[in-house]
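Peer 1: Input: one structure, supplied below.
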Protein chains: 2
Amino acid sequence: MRISELSERTGVSTASIKYYTREGLLPVGERTGYNSTAYGEAHVARLRLIRALIDTGGLTVAAAGRVIAAIDDPGIELDHVFGIAQQSVPREITPPSAASVEKVHAVMRERGWATVDKNPGIPLAASVLDDLAVTRTDLSAVLSRYAEAIDMIAEADLDAVAASGDRDQMAEAVVVGIVLGDVLLAGLRRIAQESHTHRRYRGGVVPGQTHETNETEEPT
Amino acid sequence: MRISELSERTGVSTASIKYYTREGLLPVGERTGYNSTAYGEAHVARLRLIRALIDTGGLTVAAAGRVIAAIDDPGIELDHVFGIAQQSVPREITPPSAASVEKVHAVMRERGWATVDKNPGIPLAASVLDDLAVTRTDLSAVLSRYAEAIDMIAEADLDAVAASGDRDQMAEAVVVGIVLGDVLLAGLRRIAQESHTHRRYRGGVVPGQTHETNETEEPT
């Protein structure tokens, strides 16, 4: 297909398509004449991946380029792809205090989690604990329970990767799971928080509820 | 204390302090003379909360202003504070497909979650499912497991709110928990993912590991 059709199929402007090609995120199309290039289904799929990473995942174009390069390079081992994807999510944080880093390490010991020292989750979690320390909210009591739930989530993440096929598909699953998984979890958490609030403080009555809900069984 | 000391204590510039005061995020200090204003510990705590919401939580100044107004207004019920805080986290999403919204509703039925229709988590989670549908990754198999883990997290969230004291402290805990909790969970998830990867693919060996880890007990 021509670039105009590729643009129509994906909703990405031709200018952006050319930009992604120049930046190496999108493979060049097949040259079919002096001034025309043919694109295929692989280009459609790749463009949608790029937009998901940038629009939903919040990655910069440069960060999306790095993770896509990692997907495309069969020489990069899967756990290295993991590391690259983990580093790609933009987070500007103030360096955490040693006390909060130690709290994170304590939770890691409790759960038997072992990582390299530069795992970006450690300073990220610790900087939140610093922030919490200056507010009047004590989330340290929930830290262990968060970690227990996150253990289940990480196990599910790895099962999804393992189920996704060959190395290239696994690499794509790793990137997509890390970048979009946070957003999916944030969405589910908003739903669960509201539901638990109604259950706890209003006996399960949802204000302004108009559609039918199935609340016959209380989940554990 | 004077504004210069408040600035020093909190690391927030005097220009920003004046800006937050004008925008209503920070209460005005006590007028002590023609050209001097006195600030107290409440101002220190409030400034740290503002910076945590904006810097770590990624809120805009306007969104931080809305949640702080909700904390400060004793007439706003706690579940309304929840709703305001949930809406405050910036997420630009493309409207999700009906099919993905239905998938989210199916998970909600499975877990007995009931919410108002406009809960922002529903379109957020559904838009991620749309993104996943266009990549080669199938996360639908993990959706139920994510939801089960999120149920534990929401329960912990509400326990933390309930434990935090009077209405004002509970309102602050709600806001902080929603805004910063996502970031804390994202950090823990990065740690757990790396640890599970090593455990599954490298027999627990962490590459380049130099510090001692406690891996004597395998958590379930």
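In the structure tokens, chains take the letters A, B, ... in the order shown, each chain's residues start at 1, and ligands count up from 1 in the order shown.
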Please report as a CSV table (one decimal) with N, CA and C atoms, in the first residue's frame which residues of chain B come no farther than 6 Å from chain A, using only C-alpha atoms.

Peer 2:
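Saved the output as out26.csv:
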chain,number,residue,atom,x,y,z
B,49,LEU,N,3.4,18.4,50.5
B,49,LEU,CA,2.3,17.7,49.9
B,49,LEU,C,2.2,18.2,48.4
B,52,ALA,N,5.0,16.8,46.3
B,52,ALA,CA,4.8,15.4,46.1
B,52,ALA,C,3.8,15.1,45.0
B,109,ARG,N,-17.7,-7.8,36.8
B,109,ARG,CA,-18.7,-8.8,37.3
B,109,ARG,C,-18.0,-10.0,38.0
B,111,ARG,N,-15.4,-10.1,39.7
B,111,ARG,CA,-14.9,-9.7,41.0
B,111,ARG,C,-16.0,-9.1,41.9
B,112,GLY,N,-17.2,-8.9,41.3
B,112,GLY,CA,-18.2,-8.2,42.1
B,112,GLY,C,-17.9,-6.7,42.3
B,113,TRP,N,-17.2,-6.1,41.4
B,113,TRP,CA,-16.9,-4.7,41.5
B,113,TRP,C,-18.1,-3.9,41.0
B,114,ALA,N,-18.6,-2.9,41.7
B,114,ALA,CA,-19.7,-2.0,41.2
B,114,ALA,C,-19.2,-0.6,41.4
B,115,THR,N,-19.4,0.2,40.3
B,115,THR,CA,-19.0,1.6,40.3
B,115,THR,C,-20.0,2.4,39.6
B,116,VAL,N,-19.9,3.7,39.7
B,116,VAL,CA,-20.7,4.6,38.8
B,116,VAL,C,-20.1,4.4,37.4
B,121,GLY,N,-11.4,4.7,35.7
B,121,GLY,CA,-10.6,3.5,35.5
B,121,GLY,C,-11.2,2.7,34.3
B,124,LEU,N,-9.9,4.0,31.0
B,124,LEU,CA,-8.5,3.8,31.0
B,124,LEU,C,-8.0,2.4,30.7
B,125,ALA,N,-8.6,1.5,31.5
B,125,ALA,CA,-8.3,0.0,31.3
B,125,ALA,C,-8.7,-0.4,29.9
B,128,VAL,N,-6.3,0.6,27.2
B,128,VAL,CA,-5.1,-0.3,27.1
B,128,VAL,C,-5.4,-1.6,26.4
B,131,ASP,N,-5.2,-1.1,22.8
B,131,ASP,CA,-3.8,-1.0,22.4
B,131,ASP,C,-3.2,-2.4,22.3
B,135,THR,N,-1.4,-5.0,19.1
B,135,THR,CA,0.0,-5.6,19.1
B,135,THR,C,-0.2,-7.1,19.1
B,137,THR,N,0.5,-9.0,21.5
B,137,THR,CA,0.5,-9.5,22.8
B,137,THR,C,-0.9,-9.7,23.4
B,142,VAL,N,-4.2,-12.5,31.4
B,142,VAL,CA,-3.8,-12.1,32.7
B,142,VAL,C,-4.7,-11.1,33.4
B,146,TYR,N,-4.6,-10.0,37.2
B,146,TYR,CA,-4.4,-8.6,37.6
B,146,TYR,C,-5.5,-8.1,38.6
B,149,ALA,N,-5.2,-9.4,42.1
B,149,ALA,CA,-4.2,-8.7,42.9
B,149,ALA,C,-4.6,-7.3,43.2
B,150,ILE,N,-5.3,-6.7,42.3
B,150,ILE,CA,-5.7,-5.3,42.5
B,150,ILE,C,-6.8,-5.2,43.6
B,153,ILE,N,-4.9,-4.9,46.7
B,153,ILE,CA,-4.3,-3.6,46.8
B,153,ILE,C,-5.3,-2.6,47.2
B,154,ALA,N,-6.5,-2.6,46.7
B,154,ALA,CA,-7.6,-1.7,47.0
B,154,ALA,C,-8.0,-1.9,48.5
B,156,ALA,N,-6.0,-2.9,50.9
B,156,ALA,CA,-5.0,-2.3,51.7
B,156,ALA,C,-5.1,-0.8,51.6
B,173,ALA,N,-5.1,11.2,53.1
B,173,ALA,CA,-4.6,9.9,52.8
B,173,ALA,C,-5.2,9.4,51.5
B,184,LEU,N,4.3,4.0,43.4
B,184,LEU,CA,4.9,3.0,44.3
B,184,LEU,C,4.7,1.6,43.7
B,187,GLY,N,7.0,1.0,40.8
B,187,GLY,CA,8.3,0.7,41.3
B,187,GLY,C,8.5,-0.7,41.7
B,188,LEU,N,7.5,-1.2,42.6
B,188,LEU,CA,7.6,-2.5,43.1
B,188,LEU,C,7.5,-3.6,42.0
B,189,ARG,N,6.7,-3.2,41.0
B,189,ARG,CA,6.5,-4.1,39.8
B,189,ARG,C,7.8,-4.3,39.1
B,190,ARG,N,8.5,-3.2,38.9
B,190,ARG,CA,9.8,-3.4,38.2
B,190,ARG,C,10.8,-4.3,38.9
B,191,ILE,N,10.8,-4.2,40.3
B,191,ILE,CA,11.6,-5.0,41.1
B,191,ILE,C,11.2,-6.5,41.0
B,192,ALA,N,9.9,-6.7,41.1
B,192,ALA,CA,9.4,-8.1,41.1
B,192,ALA,C,9.6,-8.7,39.7
B,193,GLN,N,9.4,-7.9,38.7
B,193,GLN,CA,9.6,-8.5,37.3
B,193,GLN,C,11.0,-9.0,37.1
B,195,SER,N,13.2,-9.8,39.4
B,195,SER,CA,13.5,-11.0,40.3
B,195,SER,C,12.8,-12.2,39.7
B,209,GLN,N,25.4,-9.5,40.3
B,209,GLN,CA,25.0,-9.3,41.7
B,209,GLN,C,26.2,-9.2,42.6
B,214,ASN,N,19.0,-12.4,50.4
B,214,ASN,CA,18.4,-13.5,51.3
B,214,ASN,C,17.4,-14.3,50.4
B,215,GLU,N,17.9,-15.4,49.9
B,215,GLU,CA,17.0,-16.2,49.0
B,215,GLU,C,16.8,-17.6,49.6
B,219,PRO,N,9.2,-17.5,48.4
B,219,PRO,CA,7.9,-17.1,48.7
B,219,PRO,C,6.9,-17.8,47.8

Peer 1: Region 80-169 of chain B near region 72-76 of chain B within 8 Å: what's each residue's closest atom pair and its distance in Å to one decimal, counting only C-alpha atoms, ordered by chain then ascending residue number, as a tab-separated table?

Peer 2:
residue	atom	partner	partner_atom	distance
B:His80	CA	B:Ile76	CA	6.4
B:Val81	CA	B:Ile76	CA	6.7
B:Arg167	CA	B:Pro74	CA	7.5
B:Asp168	CA	B:Asp72	CA	7.1

Peer 1: Using only C-alpha atoms, which residue out of A:Glu23, A:Tyr39, A:Ser97, A:Ala69 lies closest to Ser4 (chain A)?

Peer 2: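 That would be A:Tyr39, the residue with the smallest distance to Ser4 (chain A).
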
Peer 1: From a DSSP pass on the backbone, collect the residues of region 32-202 of chain A flagged as strand (DSSP E or B) and hand them back as JSON, numbers by chain.

Peer 2: {"A": [32, 33, 36, 37, 38]}

Peer 1: How would you write, as a ChimeraX atom specification, the set of residues in region 64-194 of chain A that DSSP gives as alpha helix (DSSP H)?

Peer 2: /A:64-72,78-88,98-111,121-134,140-162,167-194

Peer 1: Using the selection just defined, write its residues with C-alpha atoms as an mmCIF file, in the first residue's frame.

Peer 2:
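Saved result, selection.cif, follows:
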data_model
loop_
_atom_site.group_PDB
_atom_site.id
_atom_site.type_symbol
_atom_site.label_atom_id
_atom_site.label_comp_id
_atom_site.auth_asym_id
_atom_site.auth_seq_id
_atom_site.Cartn_x
_atom_site.Cartn_y
_atom_site.Cartn_z
ATOM 1 C CA ALA A 64 10.125 4.215 21.986
ATOM 2 C CA GLY A 65 13.009 3.989 19.506
ATOM 3 C CA ARG A 66 15.235 2.338 22.090
ATOM 4 C CA VAL A 67 12.722 -0.338 23.061
ATOM 5 C CA ILE A 68 11.841 -1.029 19.416
ATOM 6 C CA ALA A 69 15.517 -1.414 18.577
ATOM 7 C CA ALA A 70 15.719 -3.934 21.427
ATOM 8 C CA ILE A 71 12.712 -5.851 20.064
ATOM 9 C CA ASP A 72 14.234 -5.926 16.580
ATOM 10 C CA LEU A 78 15.159 -11.304 26.750
ATOM 11 C CA ASP A 79 16.166 -10.192 30.217
ATOM 12 C CA HIS A 80 18.144 -7.372 28.654
ATOM 13 C CA VAL A 81 15.013 -6.325 26.744
ATOM 14 C CA PHE A 82 13.283 -6.293 30.133
ATOM 15 C CA GLY A 83 15.902 -3.940 31.507
ATOM 16 C CA ILE A 84 15.715 -1.596 28.520
ATOM 17 C CA ALA A 85 11.912 -1.466 28.703
ATOM 18 C CA GLN A 86 11.998 -0.856 32.448
ATOM 19 C CA GLN A 87 14.346 2.095 31.960
ATOM 20 C CA SER A 88 12.215 3.556 29.171
ATOM 21 C CA ALA A 98 18.977 5.950 52.380
ATOM 22 C CA ALA A 99 16.246 5.183 54.943
ATOM 23 C CA SER A 100 13.608 4.748 52.255
ATOM 24 C CA VAL A 101 15.914 2.671 50.061
ATOM 25 C CA GLU A 102 16.451 0.420 53.073
ATOM 26 C CA LYS A 103 12.671 0.093 53.525
ATOM 27 C CA VAL A 104 12.414 -1.084 49.918
ATOM 28 C CA HIS A 105 15.266 -3.550 50.480
ATOM 29 C CA ALA A 106 13.470 -4.853 53.573
ATOM 30 C CA VAL A 107 10.371 -5.591 51.500
ATOM 31 C CA MET A 108 12.569 -7.262 48.885
ATOM 32 C CA ARG A 109 14.100 -9.512 51.532
ATOM 33 C CA GLU A 110 10.654 -10.300 52.897
ATOM 34 C CA ARG A 111 9.523 -11.488 49.481
ATOM 35 C CA GLY A 121 12.075 0.325 40.660
ATOM 36 C CA ILE A 122 14.181 0.691 43.809
ATOM 37 C CA PRO A 123 14.753 4.475 43.665
ATOM 38 C CA LEU A 124 11.252 4.958 42.251
ATOM 39 C CA ALA A 125 9.531 3.145 45.132
ATOM 40 C CA ALA A 126 11.899 4.714 47.682
ATOM 41 C CA SER A 127 11.229 8.253 46.437
ATOM 42 C CA VAL A 128 7.498 7.670 46.912
ATOM 43 C CA LEU A 129 8.181 6.514 50.479
ATOM 44 C CA ASP A 130 10.086 9.779 51.013
ATOM 45 C CA ASP A 131 7.106 11.723 49.729
ATOM 46 C CA LEU A 132 4.783 9.770 51.983
ATOM 47 C CA ALA A 133 7.007 10.444 54.978
ATOM 48 C CA VAL A 134 6.501 14.197 54.619
ATOM 49 C CA SER A 140 4.413 1.687 55.321
ATOM 50 C CA ALA A 141 1.772 -0.605 56.802
ATOM 51 C CA VAL A 142 0.472 -1.414 53.332
ATOM 52 C CA LEU A 143 3.895 -1.897 51.750
ATOM 53 C CA SER A 144 4.023 -5.632 52.512
ATOM 54 C CA ARG A 145 0.508 -6.132 51.190
ATOM 55 C CA TYR A 146 1.305 -4.172 48.039
ATOM 56 C CA ALA A 147 4.383 -6.352 47.529
ATOM 57 C CA GLU A 148 2.395 -9.562 47.989
ATOM 58 C CA ALA A 149 -0.091 -8.439 45.318
ATOM 59 C CA ILE A 150 2.695 -7.293 43.007
ATOM 60 C CA ASP A 151 4.257 -10.759 43.273
ATOM 61 C CA MET A 152 1.072 -12.187 41.746
ATOM 62 C CA ILE A 153 1.116 -9.523 39.028
ATOM 63 C CA ALA A 154 4.743 -10.157 38.086
ATOM 64 C CA GLU A 155 4.057 -13.890 37.916
ATOM 65 C CA ALA A 156 1.141 -13.207 35.543
ATOM 66 C CA ASP A 157 3.363 -10.856 33.506
ATOM 67 C CA LEU A 158 5.962 -13.560 32.987
ATOM 68 C CA ASP A 159 3.344 -16.165 32.095
ATOM 69 C CA ALA A 160 2.028 -13.795 29.408
ATOM 70 C CA VAL A 161 5.520 -13.355 28.006
ATOM 71 C CA ALA A 162 6.225 -17.089 28.044
ATOM 72 C CA ARG A 167 11.773 -14.623 20.702
ATOM 73 C CA ASP A 168 10.523 -11.584 18.749
ATOM 74 C CA GLN A 169 6.992 -11.931 20.040
ATOM 75 C CA MET A 170 8.261 -12.480 23.575
ATOM 76 C CA ALA A 171 10.397 -9.345 23.287
ATOM 77 C CA GLU A 172 7.387 -7.352 22.095
ATOM 78 C CA ALA A 173 5.281 -8.806 24.921
ATOM 79 C CA VAL A 174 7.920 -7.757 27.452
ATOM 80 C CA VAL A 175 7.918 -4.167 26.212
ATOM 81 C CA VAL A 176 4.154 -3.874 25.865
ATOM 82 C CA GLY A 177 3.555 -5.538 29.223
ATOM 83 C CA ILE A 178 5.907 -3.239 31.098
ATOM 84 C CA VAL A 179 4.866 -0.017 29.421
ATOM 85 C CA LEU A 180 1.105 -0.572 29.137
ATOM 86 C CA GLY A 181 0.701 -2.865 32.149
ATOM 87 C CA ASP A 182 1.203 0.026 34.595
ATOM 88 C CA VAL A 183 -1.646 1.913 32.931
ATOM 89 C CA LEU A 184 -3.933 -1.120 32.916
ATOM 90 C CA LEU A 185 -3.262 -1.671 36.615
ATOM 91 C CA ALA A 186 -3.896 2.013 37.385
ATOM 92 C CA GLY A 187 -7.263 1.711 35.635
ATOM 93 C CA LEU A 188 -8.263 -1.441 37.497
ATOM 94 C CA ARG A 189 -7.164 0.115 40.796
ATOM 95 C CA ARG A 190 -9.509 3.074 40.280
ATOM 96 C CA ILE A 191 -12.409 0.725 39.687
ATOM 97 C CA ALA A 192 -11.597 -1.479 42.686
ATOM 98 C CA GLN A 193 -11.062 1.495 44.996
ATOM 99 C CA GLU A 194 -14.464 2.915 44.196
#

Peer 1: Tell me which protein, DNA and RNA residues are within 12 Å of Arg31 (chain A), counting only C-alpha atoms, leaving out same-chain ones fewer than 6 positions away, and put them as JSON, numbers by chain.

Peer 2: {"A": [1, 2, 3, 37, 38, 39]}

Peer 1: Could the residues in this selection be written to a file with N, CA and C atoms, as a short mmCIF file (atom, residue, chain, number, x, y, z; two decimals), in the first residue's frame?

Peer 2:
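Generated file (again02.cif):
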data_model
loop_
_atom_site.label_atom_id
_atom_site.label_comp_id
_atom_site.auth_asym_id
_atom_site.auth_seq_id
_atom_site.Cartn_x
_atom_site.Cartn_y
_atom_site.Cartn_z
N MET A 1 0.85 -1.20 0.00
CA MET A 1 0.00 0.00 0.00
C MET A 1 0.88 1.24 0.00
N ARG A 2 0.30 2.35 -0.42
CA ARG A 2 1.04 3.60 -0.45
C ARG A 2 0.99 4.26 0.93
N ILE A 3 1.83 5.27 1.09
CA ILE A 3 1.92 5.92 2.41
C ILE A 3 0.58 6.55 2.80
N THR A 37 6.73 4.34 -2.60
CA THR A 37 7.21 3.33 -1.68
C THR A 37 6.01 2.48 -1.26
N ALA A 38 6.23 1.17 -1.17
CA ALA A 38 5.12 0.29 -0.80
C ALA A 38 5.29 -0.17 0.65
N TYR A 39 4.18 -0.13 1.40
CA TYR A 39 4.19 -0.58 2.78
C TYR A 39 3.28 -1.80 2.94
#
